[in-house]
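Asks: Take a look at entry-v5.cif, mmCIF, C-alpha atoms and all ligand atoms:
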data_upload
loop_
_atom_site.label_atom_id
_atom_site.label_comp_id
_atom_site.auth_asym_id
_atom_site.auth_seq_id
_atom_site.Cartn_x
_atom_site.Cartn_y
_atom_site.Cartn_z
CA MET A 241 -21.07 -22.35 62.52
CA SER A 242 -18.51 -22.19 65.22
CA ASP A 243 -18.27 -18.91 67.01
CA THR A 244 -14.52 -19.44 67.12
CA ALA A 245 -14.53 -18.18 63.58
CA ALA A 246 -12.27 -15.18 63.06
CA SER A 247 -12.53 -14.44 66.73
CA PRO A 248 -8.93 -14.12 67.68
CA ALA A 249 -9.01 -11.78 70.60
CA GLY A 250 -10.26 -12.07 74.11
CA ASP A 251 -13.32 -10.22 75.26
CA ALA A 252 -13.53 -6.97 77.12
CA ALA A 253 -13.57 -8.67 80.49
CA THR A 254 -10.32 -10.40 79.65
CA ALA A 255 -8.85 -7.10 78.65
CA SER A 256 -9.88 -5.48 81.87
CA GLN A 257 -8.12 -8.22 83.81
CA ALA A 258 -5.07 -7.77 81.63
CA CYS A 259 -4.94 -4.08 82.34
CA GLU A 260 -4.87 -3.90 86.10
CA THR A 261 -5.54 -0.41 87.25
CA HIS A 262 -4.04 1.07 90.39
CA ALA A 263 -5.75 4.39 90.20
CA SER A 264 -4.99 5.59 93.72
CA ILE A 265 -1.57 7.03 92.97
CA THR A 266 -1.34 9.91 90.60
CA LYS A 267 1.56 11.28 88.66
CA SER A 268 1.45 14.60 90.47
CA SER A 269 1.76 13.01 93.91
CA ALA A 270 4.78 11.06 92.67
CA ARG A 271 6.32 14.30 91.38
CA ARG A 272 5.71 16.06 94.74
CA ALA A 273 7.31 13.18 96.59
CA SER A 274 10.40 13.30 94.37
CA LYS A 275 11.32 16.62 95.94
CA THR A 276 11.56 15.15 99.43
CA GLY A 277 15.13 13.87 99.16
CA PRO A 278 17.15 10.72 98.60
CA VAL A 279 15.71 8.83 101.61
CA LEU A 280 12.43 8.66 99.78
CA ALA A 281 13.96 7.95 96.38
CA ALA A 282 12.99 4.25 96.32
CA PRO A 283 9.37 4.74 97.46
CA VAL A 284 9.00 7.67 95.07
CA LYS A 285 10.30 5.56 92.21
CA ALA A 286 7.92 2.76 93.17
CA ALA A 287 5.01 5.18 93.32
CA ALA A 288 5.93 6.61 89.92
CA THR A 289 6.05 3.09 88.45
CA THR A 290 2.69 2.30 90.02
CA ALA A 291 1.21 5.47 88.56
CA LYS A 292 2.65 4.67 85.17
CA ARG A 293 1.24 1.18 85.34
CA ALA A 294 -2.16 2.57 86.30
CA PHE A 295 -2.04 4.85 83.31
CA TYR A 296 -0.96 2.00 81.03
CA GLY A 297 -3.70 -0.29 82.33
CA ALA A 298 -6.46 2.29 82.09
CA SER A 299 -5.44 3.34 78.58
CA GLN A 300 -5.24 -0.23 77.32
CA ALA A 301 -8.55 -1.16 78.93
CA ALA A 302 -10.23 1.81 77.22
CA ARG A 303 -8.67 0.90 73.86
CA VAL A 304 -9.62 -2.75 74.16
CA LEU A 305 -13.22 -1.88 75.04
CA TRP A 306 -13.43 0.51 72.10
CA PHE A 307 -12.10 -2.00 69.57
CA THR A 308 -14.03 -4.92 71.07
CA GLY A 309 -17.26 -2.96 70.62
CA HIS A 310 -16.45 -2.45 66.95
CA TYR A 311 -15.39 -6.08 66.61
CA ILE A 312 -18.75 -7.28 67.90
CA ALA A 313 -20.64 -4.89 65.63
CA GLY A 314 -18.51 -5.94 62.64
CA ARG A 315 -19.03 -9.63 63.34
CA ARG A 316 -22.78 -9.11 63.42
CA LEU A 317 -22.65 -7.49 60.00
CA MET A 318 -20.41 -10.23 58.59
CA GLY A 319 -22.75 -13.04 59.58
CA PRO A 320 -21.76 -16.72 59.77
CA LEU A 321 -18.51 -18.03 58.31
CA THR A 322 -20.36 -20.57 56.21
CA GLU A 323 -22.71 -18.70 53.90
CA PRO A 324 -26.32 -19.92 53.85
CA GLY A 325 -26.63 -22.54 51.12
CA ASP A 326 -22.94 -23.52 51.28
CA PRO A 327 -22.12 -27.09 52.39
CA PRO A 328 -21.37 -27.40 56.13
CA TYR A 329 -17.71 -27.07 57.06
CA ALA A 330 -16.12 -29.66 59.35
CA GLU A 331 -13.44 -28.08 61.53
CA LYS A 332 -10.22 -30.09 61.69
CA SER A 333 -8.55 -28.46 64.69
CA ALA A 334 -9.46 -29.05 68.31
CA PRO A 335 -12.08 -26.74 69.82
CA LEU A 336 -10.83 -23.35 70.94
CA ASP A 337 -9.11 -23.33 74.31
CA ARG A 338 -10.74 -20.19 75.65
CA ALA A 339 -8.74 -20.19 78.86
CA ARG A 340 -5.51 -20.27 76.87
CA MET A 341 -6.76 -17.51 74.57
CA GLY A 342 -7.51 -15.27 77.56
CA ALA A 343 -4.16 -16.09 79.15
CA ALA A 344 -2.26 -15.37 75.90
CA PHE A 345 -4.07 -12.04 75.59
CA ARG A 346 -3.15 -11.10 79.17
CA GLU A 347 0.44 -12.25 78.72
CA LEU A 348 0.77 -9.98 75.69
CA PHE A 349 -0.20 -6.88 77.65
CA GLU A 350 1.89 -7.94 80.61
CA ALA A 351 4.93 -8.29 78.32
CA ASP A 352 4.13 -4.93 76.73
CA TRP A 353 3.91 -3.27 80.12
CA ARG A 354 7.15 -4.88 81.32
CA ASN A 355 8.96 -3.59 78.24
CA VAL A 356 7.67 -0.09 78.91
CA ARG A 357 8.51 -0.31 82.62
CA ASP A 358 12.00 -1.62 81.95
CA GLY A 359 12.74 0.99 79.31
CA VAL A 360 13.04 -1.51 76.44
CA TYR A 361 10.74 0.91 74.62
CA LYS A 362 8.71 3.99 75.43
CA MET A 363 5.07 4.22 76.40
CA PRO A 364 3.44 3.88 72.94
CA ILE A 365 2.72 7.12 71.10
CA ASP A 366 -1.01 6.49 70.76
CA MET A 367 -1.22 6.16 74.53
CA ARG A 368 0.72 9.36 75.12
CA ARG A 369 -1.61 11.37 72.89
CA ALA A 370 -5.33 10.87 73.29
CA PRO A 371 -7.19 10.84 69.96
CA SER A 372 -9.69 13.64 69.41
CA PRO A 373 -13.37 12.72 69.81
CA SER A 374 -14.02 13.88 66.25
CA SER A 375 -11.41 11.55 64.80
CA LEU A 376 -12.73 8.65 66.89
CA TRP A 377 -16.24 9.36 65.65
CA ARG A 378 -15.11 9.64 62.03
CA ARG A 379 -13.16 6.38 62.19
CA SER A 380 -15.97 4.54 63.92
CA ARG A 381 -18.57 5.64 61.37
CA ASP A 382 -16.28 4.87 58.45
CA TYR A 383 -15.40 1.42 59.83
CA LEU A 384 -19.02 0.44 60.41
CA ARG A 385 -20.24 1.73 57.06
CA ASP A 386 -17.45 -0.08 55.27
CA SER A 387 -18.02 -3.30 57.24
CA ALA A 388 -21.45 -3.57 55.62
CA GLN A 389 -19.77 -3.39 52.20
CA VAL A 390 -17.14 -5.92 53.26
CA ALA A 391 -19.92 -8.27 54.38
CA ARG A 392 -21.69 -7.98 51.04
CA ARG A 393 -18.40 -8.65 49.26
CA LYS A 394 -17.85 -11.76 51.37
CA THR A 395 -21.34 -13.07 50.60
CA ARG A 396 -20.83 -12.78 46.86
CA GLY A 397 -17.18 -13.93 46.98
CA GLY A 398 -16.04 -10.56 45.62
CA HIS A 399 -12.28 -10.75 46.01
CA SER A 400 -11.18 -9.68 42.53
CA GLU A 401 -12.68 -6.22 42.21
CA VAL A 402 -9.27 -4.59 41.97
CA LEU A 403 -8.11 -6.79 39.09
CA SER A 404 -7.94 -4.80 35.87
CA ASP A 405 -5.73 -4.78 32.77
CA ALA A 406 -4.29 -1.40 33.76
CA ALA A 407 -3.44 -2.64 37.27
CA ARG A 408 -1.87 -5.82 35.89
CA GLU A 409 0.73 -3.71 34.14
CA ARG A 410 1.85 -2.19 37.44
CA PHE A 411 1.42 -4.92 40.05
CA PRO A 412 1.93 -8.69 40.34
CA ARG A 413 -1.21 -10.74 39.80
CA TYR A 414 -1.28 -12.09 43.37
CA TYR A 415 -1.38 -8.54 44.71
CA LEU A 416 -4.53 -7.62 42.79
CA GLN A 417 -7.08 -9.05 45.17
CA ASN A 418 -9.41 -7.62 47.76
CA PHE A 419 -7.51 -9.15 50.67
CA HIS A 420 -9.82 -9.41 53.70
CA TYR A 421 -12.59 -8.45 51.20
CA GLN A 422 -11.44 -4.92 51.88
CA THR A 423 -12.78 -2.11 49.76
CA ASP A 424 -10.29 -1.19 46.96
CA GLY A 425 -7.79 -3.84 48.11
CA TRP A 426 -4.46 -2.12 48.80
CA LEU A 427 -5.09 0.43 46.11
CA SER A 428 -6.83 3.53 47.44
CA ALA A 429 -6.28 6.30 49.94
CA ALA A 430 -9.57 5.40 51.61
CA SER A 431 -8.38 1.81 52.15
CA ALA A 432 -5.09 3.05 53.60
CA ASP A 433 -6.92 5.49 55.84
CA ARG A 434 -9.20 2.75 57.19
CA TYR A 435 -6.57 0.03 57.59
CA ASP A 436 -5.31 0.71 61.12
CA MET A 437 -8.83 0.82 62.54
CA GLN A 438 -9.62 -2.46 60.78
CA VAL A 439 -6.52 -4.24 62.08
CA GLU A 440 -6.90 -3.03 65.64
CA THR A 441 -10.56 -4.03 65.57
CA LEU A 442 -9.77 -7.49 64.22
CA PHE A 443 -7.46 -8.05 67.19
CA THR A 444 -9.70 -6.19 69.68
CA GLY A 445 -6.99 -3.65 70.42
CA ALA A 446 -4.01 -6.03 70.58
CA ALA A 447 -2.41 -5.30 67.19
CA GLY A 448 -0.20 -2.45 68.38
CA ALA A 449 1.04 -4.43 71.38
CA MET A 450 1.72 -7.47 69.17
CA ARG A 451 3.78 -5.40 66.71
CA ARG A 452 5.74 -3.86 69.57
CA GLN A 453 6.96 -7.31 70.61
CA ALA A 454 9.39 -6.99 67.68
CA LEU A 455 11.01 -3.93 69.27
CA PRO A 456 13.14 -6.00 71.70
CA ALA A 457 14.71 -7.69 68.64
CA VAL A 458 15.49 -4.26 67.20
CA ALA A 459 16.84 -3.16 70.60
CA ASP A 460 19.17 -6.17 70.60
CA ALA A 461 20.44 -5.27 67.14
CA VAL A 462 21.01 -1.65 68.18
CA ALA A 463 22.56 -2.44 71.59
CA GLY A 464 26.03 -1.01 72.07
CA ARG A 465 25.98 0.74 68.71
CA ASP A 466 25.23 4.27 67.59
CA ALA A 467 21.68 4.17 66.15
CA ALA A 468 22.66 6.89 63.67
CA SER A 469 25.10 4.47 62.09
CA LEU A 470 22.42 1.81 61.53
CA SER A 471 20.00 1.43 58.65
CA LEU A 472 16.66 -0.36 58.85
CA LEU A 473 14.33 -1.33 56.01
CA ASP A 474 10.68 -2.16 56.66
CA LEU A 475 9.24 -4.30 53.84
CA GLY A 476 5.48 -3.95 53.29
CA CYS A 477 5.42 -1.04 55.74
CA GLY A 478 1.71 -0.38 55.18
CA THR A 479 0.65 2.80 56.92
CA GLY A 480 3.93 2.98 58.86
CA ALA A 481 2.74 1.70 62.23
CA PHE A 482 5.87 -0.30 62.98
CA LEU A 483 8.28 2.37 61.74
CA ARG A 484 6.52 4.88 63.96
CA ASP A 485 7.42 2.74 66.97
CA VAL A 486 10.96 2.27 65.70
CA LYS A 487 11.58 5.98 65.07
CA ASP A 488 9.88 6.94 68.33
CA ASN A 489 12.44 4.84 70.17
CA TRP A 490 15.51 5.29 67.97
CA PRO A 491 14.97 8.60 66.17
CA ALA A 492 18.47 8.56 64.70
CA ILE A 493 18.16 5.20 62.98
CA ARG A 494 18.22 5.52 59.18
CA ALA A 495 14.88 4.07 58.13
CA THR A 496 13.51 3.13 54.73
CA ALA A 497 9.80 2.46 54.30
CA LEU A 498 8.94 0.20 51.37
CA ASP A 499 5.53 -0.81 50.09
CA LEU A 500 4.05 -1.78 46.75
CA SER A 501 0.96 0.35 47.31
CA PRO A 502 1.36 4.04 46.46
CA ALA A 503 -1.69 4.77 48.61
CA TYR A 504 -0.39 2.97 51.71
CA LEU A 505 3.03 4.51 51.25
CA GLY A 506 1.37 7.93 51.01
CA LYS A 507 -0.43 7.29 54.28
CA ALA A 508 2.84 6.15 55.89
CA ARG A 509 4.50 9.38 54.73
CA ALA A 510 1.72 11.41 56.33
CA GLU A 511 1.81 9.40 59.57
CA LEU A 512 5.60 9.55 59.85
CA GLY A 513 5.89 13.20 58.80
CA ARG A 514 7.69 14.30 61.95
CA TRP A 515 10.75 12.24 60.95
CA SER A 516 11.90 13.99 57.81
CA ASP A 517 14.85 11.65 57.21
CA ILE A 518 12.79 8.54 56.40
CA VAL A 519 13.25 7.31 52.83
CA TYR A 520 10.11 6.08 51.03
CA ARG A 521 10.25 3.54 48.26
CA GLN A 522 7.36 2.22 46.24
CA ALA A 523 8.53 -1.20 45.08
CA ASN A 524 7.90 -4.90 45.15
CA ALA A 525 9.64 -6.46 48.16
CA GLU A 526 10.68 -9.30 45.85
CA GLU A 527 12.82 -6.94 43.82
CA THR A 528 13.46 -3.66 45.58
CA GLY A 529 16.20 -2.20 43.39
CA LEU A 530 18.08 -1.23 46.56
CA ASP A 531 21.84 -1.77 46.94
CA ASP A 532 23.46 -5.00 48.11
CA ALA A 533 24.35 -5.15 51.81
CA ALA A 534 22.79 -1.74 52.49
CA PHE A 535 20.92 -2.58 55.71
CA ASP A 536 21.73 -3.69 59.24
CA ILE A 537 18.12 -4.62 59.99
CA VAL A 538 15.30 -5.69 57.68
CA THR A 539 11.80 -6.12 59.05
CA ALA A 540 8.54 -7.44 57.62
CA VAL A 541 5.40 -7.05 59.69
CA TYR A 542 2.29 -8.96 58.61
CA LEU A 543 3.59 -9.09 55.04
CA PHE A 544 4.49 -12.76 54.62
CA HIS A 545 1.05 -14.25 55.08
CA GLU A 546 -0.16 -12.06 52.20
CA LEU A 547 2.37 -13.58 49.78
CA PRO A 548 2.17 -16.78 47.76
CA PRO A 549 4.99 -19.24 48.56
CA ARG A 550 7.08 -18.31 45.51
CA ALA A 551 6.93 -14.58 46.32
CA ARG A 552 7.78 -15.38 49.96
CA ARG A 553 10.94 -17.17 48.84
CA ASN A 554 11.84 -14.25 46.58
CA VAL A 555 11.40 -11.75 49.41
CA VAL A 556 13.62 -13.79 51.72
CA ALA A 557 16.32 -13.99 49.03
CA GLU A 558 16.01 -10.24 48.42
CA ALA A 559 16.29 -9.48 52.14
CA ALA A 560 19.37 -11.69 52.39
CA ARG A 561 20.92 -9.71 49.54
CA LEU A 562 20.08 -6.38 51.18
CA LEU A 563 21.44 -7.29 54.62
CA LYS A 564 24.99 -6.58 55.66
CA PRO A 565 26.99 -9.53 57.00
CA GLY A 566 25.84 -10.00 60.59
CA GLY A 567 22.60 -8.16 59.86
CA VAL A 568 19.26 -9.33 61.23
CA PHE A 569 15.87 -9.98 59.71
CA VAL A 570 12.93 -9.56 62.06
CA LEU A 571 9.80 -11.35 60.86
CA VAL A 572 6.51 -10.49 62.51
CA ASP A 573 3.48 -12.45 61.42
CA THR A 574 0.70 -14.75 62.52
CA ILE A 575 1.38 -17.72 64.76
CA GLN A 576 1.61 -20.98 62.82
CA TYR A 577 -0.03 -24.34 63.38
CA GLY A 578 1.27 -25.92 66.57
CA ASP A 579 2.65 -22.70 68.10
CA GLU A 580 -0.43 -22.45 70.30
CA PRO A 581 -2.27 -25.77 69.84
CA GLY A 582 -5.37 -24.55 71.71
CA LEU A 583 -5.69 -21.66 69.25
CA ASP A 584 -5.15 -23.63 66.01
CA ILE A 585 -8.85 -23.43 65.28
CA LEU A 586 -8.55 -19.63 65.02
CA ILE A 587 -5.91 -19.85 62.32
CA GLU A 588 -7.87 -22.59 60.56
CA ASN A 589 -11.00 -20.45 60.44
CA PHE A 590 -9.41 -17.07 59.77
CA PRO A 591 -9.14 -17.48 55.98
CA ARG A 592 -12.73 -18.69 55.86
CA GLY A 593 -14.06 -15.37 57.09
CA PHE A 594 -11.59 -13.10 55.35
CA HIS A 595 -10.17 -13.42 51.88
CA GLU A 596 -6.68 -14.63 52.75
CA PRO A 597 -5.60 -16.94 49.92
CA TYR A 598 -2.05 -17.54 51.15
CA TYR A 599 -2.61 -17.56 54.91
CA ASP A 600 -2.99 -21.32 55.32
CA SER A 601 0.20 -22.08 53.39
CA TYR A 602 2.05 -19.51 55.52
CA CYS A 603 0.78 -21.15 58.71
CA ARG A 604 2.26 -24.45 57.53
CA ALA A 605 5.56 -23.08 56.15
CA ASP A 606 8.87 -24.23 57.57
CA LEU A 607 10.34 -20.82 58.33
CA GLY A 608 13.70 -22.17 59.46
CA ALA A 609 14.21 -23.95 56.12
CA LEU A 610 12.85 -21.03 54.09
CA PHE A 611 15.37 -18.60 55.57
CA ALA A 612 18.24 -21.09 55.80
CA ASP A 613 17.99 -21.60 52.02
CA ALA A 614 18.84 -17.90 51.65
CA GLY A 615 21.67 -18.03 54.19
CA LEU A 616 19.77 -16.61 57.15
CA ALA A 617 19.98 -18.60 60.39
CA ARG A 618 16.99 -18.70 62.74
CA ARG A 619 17.99 -17.22 66.07
CA ARG A 620 14.92 -16.68 68.24
CA ASP A 621 11.14 -17.05 68.33
CA ALA A 622 8.83 -15.10 70.62
CA LEU A 623 5.08 -15.56 70.78
CA ALA A 624 2.89 -12.52 71.31
CA PHE A 625 -0.75 -13.64 71.51
CA LEU A 626 -1.65 -14.38 67.85
CA THR A 627 1.67 -13.12 66.51
CA LYS A 628 5.10 -14.69 66.32
CA VAL A 629 8.31 -12.66 66.14
CA THR A 630 11.16 -14.62 64.58
CA THR A 631 14.69 -13.30 64.26
CA PHE A 632 17.16 -14.49 61.62
CA GLU A 633 20.80 -13.55 61.17
CA LYS A 634 23.05 -13.33 58.17
CA ALA A 635 26.49 -14.82 58.80
CA ALA A 636 29.06 -12.16 59.67
C1 LIG B 1 -1.22 -6.71 56.03
S1 LIG B 1 -0.43 -5.29 55.48
C2 LIG B 1 0.82 -5.01 56.71
C3 LIG B 1 1.18 -3.56 56.82
C4 LIG B 1 2.09 -3.18 57.98
N1 LIG B 1 3.38 -3.79 57.88
C5 LIG B 1 1.46 -3.46 59.31
O1 LIG B 1 2.18 -3.85 60.24
O2 LIG B 1 0.27 -3.24 59.49
C6 LIG B 1 0.53 -5.85 54.12
C7 LIG B 1 1.23 -4.72 53.39
O3 LIG B 1 2.18 -5.32 52.51
C8 LIG B 1 2.13 -4.67 51.26
N2 LIG B 1 2.56 -5.65 50.27
C9 LIG B 1 1.95 -6.79 49.89
N3 LIG B 1 2.68 -7.43 48.97
C10 LIG B 1 3.79 -6.68 48.77
C11 LIG B 1 4.93 -6.81 47.95
N4 LIG B 1 5.08 -7.86 47.12
N5 LIG B 1 5.87 -5.88 48.00
C12 LIG B 1 5.74 -4.81 48.83
N6 LIG B 1 4.68 -4.62 49.63
C13 LIG B 1 3.71 -5.54 49.59
C14 LIG B 1 0.69 -4.21 51.11
O4 LIG B 1 0.60 -3.16 50.19
C15 LIG B 1 0.35 -3.82 52.53
O5 LIG B 1 0.66 -2.49 52.78
#
Please go through the file and, once you have read it, give me the structure as structure tokens.
Replies:
Amino acid sequence: MSDTAASPAGDAATASQACETHASITKSSARRASKTGPVLAAPVKAAATTAKRAFYGASQAARVLWFTGHYIAGRRLMGPLTEPGDPPYAEKSAPLDRARMGAAFRELFEADWRNVRDGVYKMPIDMRRAPSPSSLWRRSRDYLRDSAQVARRKTRGGHSEVLSDAARERFPRYYLQNFHYQTDGWLSAASADRYDMQVETLFTGAAGAMRRQALPAVADAVAGRDAASLSLLDLGCGTGAFLRDVKDNWPAIRATALDLSPAYLGKARAELGRWSDIVYRQANAEETGLDDAAFDIVTAVYLFHELPPRARRNVVAEAARLLKPGGVFVLVDTIQYGDEPGLDILIENFPRGFHEPYYDSYCRADLGALFADAGLARRRDALAFLTKVTTFEKAA
């Protein structure tokens, strides 16, 4: 078994390099200096930036260490990608380029820091508010206990536990799977509650920073306009992580959170409670029932790789219908084959370790053609470690 299996993130040492700490300058000394007059304005500003960077670096390093520890423990429980007794698997992609993986991980955090420093977006909420030790402990215990169940499910190929006649009446067939071998699939409050810890752990603390690399595309769409006049729809919003970043930065934007899972939507509602104007809609992203041309921005974060090709096409057509002329679609999902050739082996092996039936077809999809067929022109691609942010535009 290759140890490149489902091992997308760098290790803790890489993270520490990524998060340079300049601990000598504190916020309070910067504040004291700011009272000393305009002559010192530039040095004071530089010191404040240095302090902010130190804070960013230390917080990210702590997060990455925390999630890397859980990643290692989870991997131990999961065992090898090829189950004992299964025929050996011959990897098709080139061996993992570890140097490139470390560099891509560092570049992600450097880009995240630059965006914070330059005011593209704020210091992330979860870095402004330290989590309580009791919630950390609860999440850690829950994650590790559940990982043992996930491992057992993987061993016995248990990816259809959530399929039932009653569920088939409410959800499309493709949705009724234990994606990632997760307990209860998308269909319970416990699954929704555990999801963010699982995703951050999978990416050893990089998931939040990867999602945030879509915020510059939102900033471009908002630029020069009154955010209160703009409407944004997040398809497959999950627990609301991306909308939290959006509303934190543009509180006035009119946001709609859509997900097919009542449980995940419920969690999003709880997480986003401080913004009482968000509209929640439980619906299939293929057929939302929302009005034509109702949105300036439509986003989909880590939704597309969970969809079979036909559903993907339907979602793109639906988004094109929902967008106003000139509106933008921001797609955030895994990198595809060839985006980072040295990391192809990670995307080849990912669906072997996790139940991801549509991942491989997504990684091979021609996104430009898929969106062009619905009248959306590809404008820009940005890589963010194992994520790609692609922006499309509807003709004005
Ligand atoms: C991998 S999660 C991504 C969640 C979130 N966007 C994030 O950034 O973490 C996929 C989400 O898409 C939702 N989903 C999957 N298929 C869907 C569909 N056809 N319509 C609406 N939501 C769907 C799932 O319920 C789940 O919440």
Asks: Pull the closest atom pair for each residue of chain A that gets at most 8 Å from ligand LIG 1 (chain B), along with the distance in Å to one decimal, counting all atoms listed in the file, ordering rows by chain and then ascending residue number, as a tab-separated table.
Replies:
residue	atom	partner	partner_atom	distance
A:Pro412	CA	B:LIG1	N4	7.5
A:Tyr415	CA	B:LIG1	N3	6.0
A:Trp426	CA	B:LIG1	O4	5.3
A:Leu427	CA	B:LIG1	O4	7.9
A:Tyr435	CA	B:LIG1	O2	7.8
A:Asp436	CA	B:LIG1	O2	7.0
A:Val439	CA	B:LIG1	O2	7.3
A:Arg451	CA	B:LIG1	O1	6.8
A:Asp474	CA	B:LIG1	N1	7.6
A:Leu475	CA	B:LIG1	C12	6.1
A:Gly476	CA	B:LIG1	O3	3.7
A:Cys477	CA	B:LIG1	N1	4.0
A:Gly478	CA	B:LIG1	O5	3.4
A:Thr479	CA	B:LIG1	C4	6.2
A:Gly480	CA	B:LIG1	C4	6.5
A:Ala481	CA	B:LIG1	O1	5.9
A:Phe482	CA	B:LIG1	O1	5.8
A:Leu498	CA	B:LIG1	C12	6.5
A:Asp499	CA	B:LIG1	N6	3.9
A:Leu500	CA	B:LIG1	C12	4.0
A:Ser501	CA	B:LIG1	O4	4.6
A:Tyr504	CA	B:LIG1	O5	5.7
A:Leu505	CA	B:LIG1	O5	7.5
A:Gln522	CA	B:LIG1	C12	7.7
A:Ala523	CA	B:LIG1	C12	5.9
A:Asn524	CA	B:LIG1	N5	3.6
A:Ala525	CA	B:LIG1	N5	3.8
A:Glu526	CA	B:LIG1	N4	5.9
A:Ala540	CA	B:LIG1	N1	6.3
A:Val541	CA	B:LIG1	N1	4.2
A:Tyr542	CA	B:LIG1	C2	4.6
A:Leu543	CA	B:LIG1	C6	4.6
A:Phe544	CA	B:LIG1	N3	8.0
A:His545	CA	B:LIG1	C1	7.9
A:Glu546	CA	B:LIG1	C9	6.1
A:Leu547	CA	B:LIG1	N3	6.2
A:Ala551	CA	B:LIG1	N4	7.0
A:Val555	CA	B:LIG1	N4	7.8
Asks: Counting all atoms listed in the file, what is within 7 Å of region 440-450 of chain A, bar same-chain residues fewer than 5 positions away, as number ranges by chain?
Replies: A: 248-249, 303-304, 307-308, 310-311, 349, 352, 624, 627
Asks: Go through A:Ser375, A:Thr423, A:Ser400, A:Ser516 one by one, measure the shortest atom-to-atom distance of each to Ser387 (chain A) using all atoms listed in the file, and give the residue with the smallest value.
Replies: A:Thr423
Asks: Report, in Å to a single decimal, how far apart CA of Gly297 (chain A) and CA of Leu336 (chain A) are.
Replies: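 These two atoms are separated by 26.7 Å.
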Asks: So, counting only C-alpha atoms, which residue among A:Asp466, A:Asp517, A:Asp536, A:Asp621 is closest to Gly566 (chain A)?
Replies: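 Between A:Asp466, A:Asp517, A:Asp536, A:Asp621, the residue approaching Gly566 (chain A) most closely is A:Asp536.
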Asks: Quick one: of A:Ala463, A:Arg413, A:Gln453, A:Glu511, who's nearest to Asp366 (chain A), counting all atoms listed in the file?
Replies: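 Nearest to Asp366 (chain A): A:Glu511.
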Asks: Point out the residue among A:Asp386, A:Glu331, A:Glu401, A:Glu323 with the least atom-to-atom distance to Ile585 (chain A), counting all atoms listed in the file.
Replies: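 Among the listed residues, A:Glu331 lies closest to Ile585 (chain A).
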Asks: Please, what distance in Å, to one decimal, runs between CA of Gly578 (chain A) and CA of Arg354 (chain A)?
Replies: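 That distance, rounded to one decimal, is 26.4 Å.
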Asks: A:Arg385, A:Gln300, A:Ala344, A:Asp405: which is nearest Arg368 (chain A), counting all atoms listed in the file?
Replies: A:Gln300
Asks: Please, what distance in Å, to one decimal, runs between CA of Phe590 (chain A) and CA of Ser404 (chain A)?
Replies: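 Taking CA of Phe590 (chain A) as the start and CA of Ser404 (chain A) as the end point, the length is 26.9 Å.
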Asks: Please list as a list in words every residue within 9 Å of Arg338 (chain A), counting all atoms listed in the file and excluding residues in the same chain fewer than 4 positions away.
Replies: Gly250, Gly342, Ala343, Gly582 and Leu583 of chain A
Asks: Which residues come within 7 Å of Ala533 (chain A), counting all atoms listed in the file, excluding same-chain residues fewer than 3 positions away, as a list of chain:residue names?
Replies: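 Residues meeting the cut-off are A:Arg561, A:Leu562, A:Leu563, A:Lys564.
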Asks: Which residue gives the smallest distance to Ala351 (chain A) among A:Gly309, A:Pro456, A:Gly608, A:Pro320, with all atoms listed in the file counted?
Replies: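 Result for the nearest residue to Ala351 (chain A): A:Pro456.
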Asks: Can you tell me, as a list in words, what residues are no more than 7 Å from Leu472 (chain A) when counting all atoms listed in the file, ignoring any on the same chain fewer than 2 positions away?
Replies: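 Near Leu472 (chain A), the qualifying residues are Leu470, Asp474, Arg494, Ala495, Thr496, Phe535, Asp536, Ile537 and Val538 of chain A.
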Asks: If you count all atoms listed in the file, which residues fall within 9 Å of Val486 (chain A), apart from same-chain ones fewer than 3 positions away, as a PyMOL selection string?
Replies: chain A and resi 452+455+458+481-483+489-491+493+495
Asks: Once you have the residues from the selection above, write them out as a CSV table (one decimal), keeping the file's coordinate frame, restricted to C-alpha atoms.
Replies:
chain,number,residue,atom,x,y,z
A,452,ARG,CA,5.7,-3.9,69.6
A,455,LEU,CA,11.0,-3.9,69.3
A,458,VAL,CA,15.5,-4.3,67.2
A,481,ALA,CA,2.7,1.7,62.2
A,482,PHE,CA,5.9,-0.3,63.0
A,483,LEU,CA,8.3,2.4,61.7
A,489,ASN,CA,12.4,4.8,70.2
A,490,TRP,CA,15.5,5.3,68.0
A,491,PRO,CA,15.0,8.6,66.2
A,493,ILE,CA,18.2,5.2,63.0
A,495,ALA,CA,14.9,4.1,58.1
Asks: Counting all atoms listed in the file, which residues sit no farther than 7 Å from the position (5.4, 3.4, 70.1) in the file's frame? I'd like them as a ChimeraX atom specification.
Replies: /A:362-365,484-485,488
Asks: As a tab-separated table (two decimals), in the frame of the given file, could you write out region 284-288 of chain A once it has been completed with N, CA and C atoms?
Replies:
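In the end it all went to out_6.tsv:
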chain	number	residue	atom	x	y	z
A	284	VAL	N	9.50	6.75	96.10
A	284	VAL	CA	9.00	7.67	95.07
A	284	VAL	C	9.05	6.98	93.70
A	285	LYS	N	10.16	6.27	93.49
A	285	LYS	CA	10.30	5.56	92.21
A	285	LYS	C	9.20	4.50	92.08
A	286	ALA	N	8.96	3.80	93.20
A	286	ALA	CA	7.92	2.76	93.17
A	286	ALA	C	6.55	3.38	92.89
A	287	ALA	N	6.31	4.53	93.53
A	287	ALA	CA	5.01	5.18	93.32
A	287	ALA	C	4.87	5.64	91.87
A	288	ALA	N	5.98	6.14	91.31
A	288	ALA	CA	5.93	6.61	89.92
A	288	ALA	C	5.65	5.43	88.98
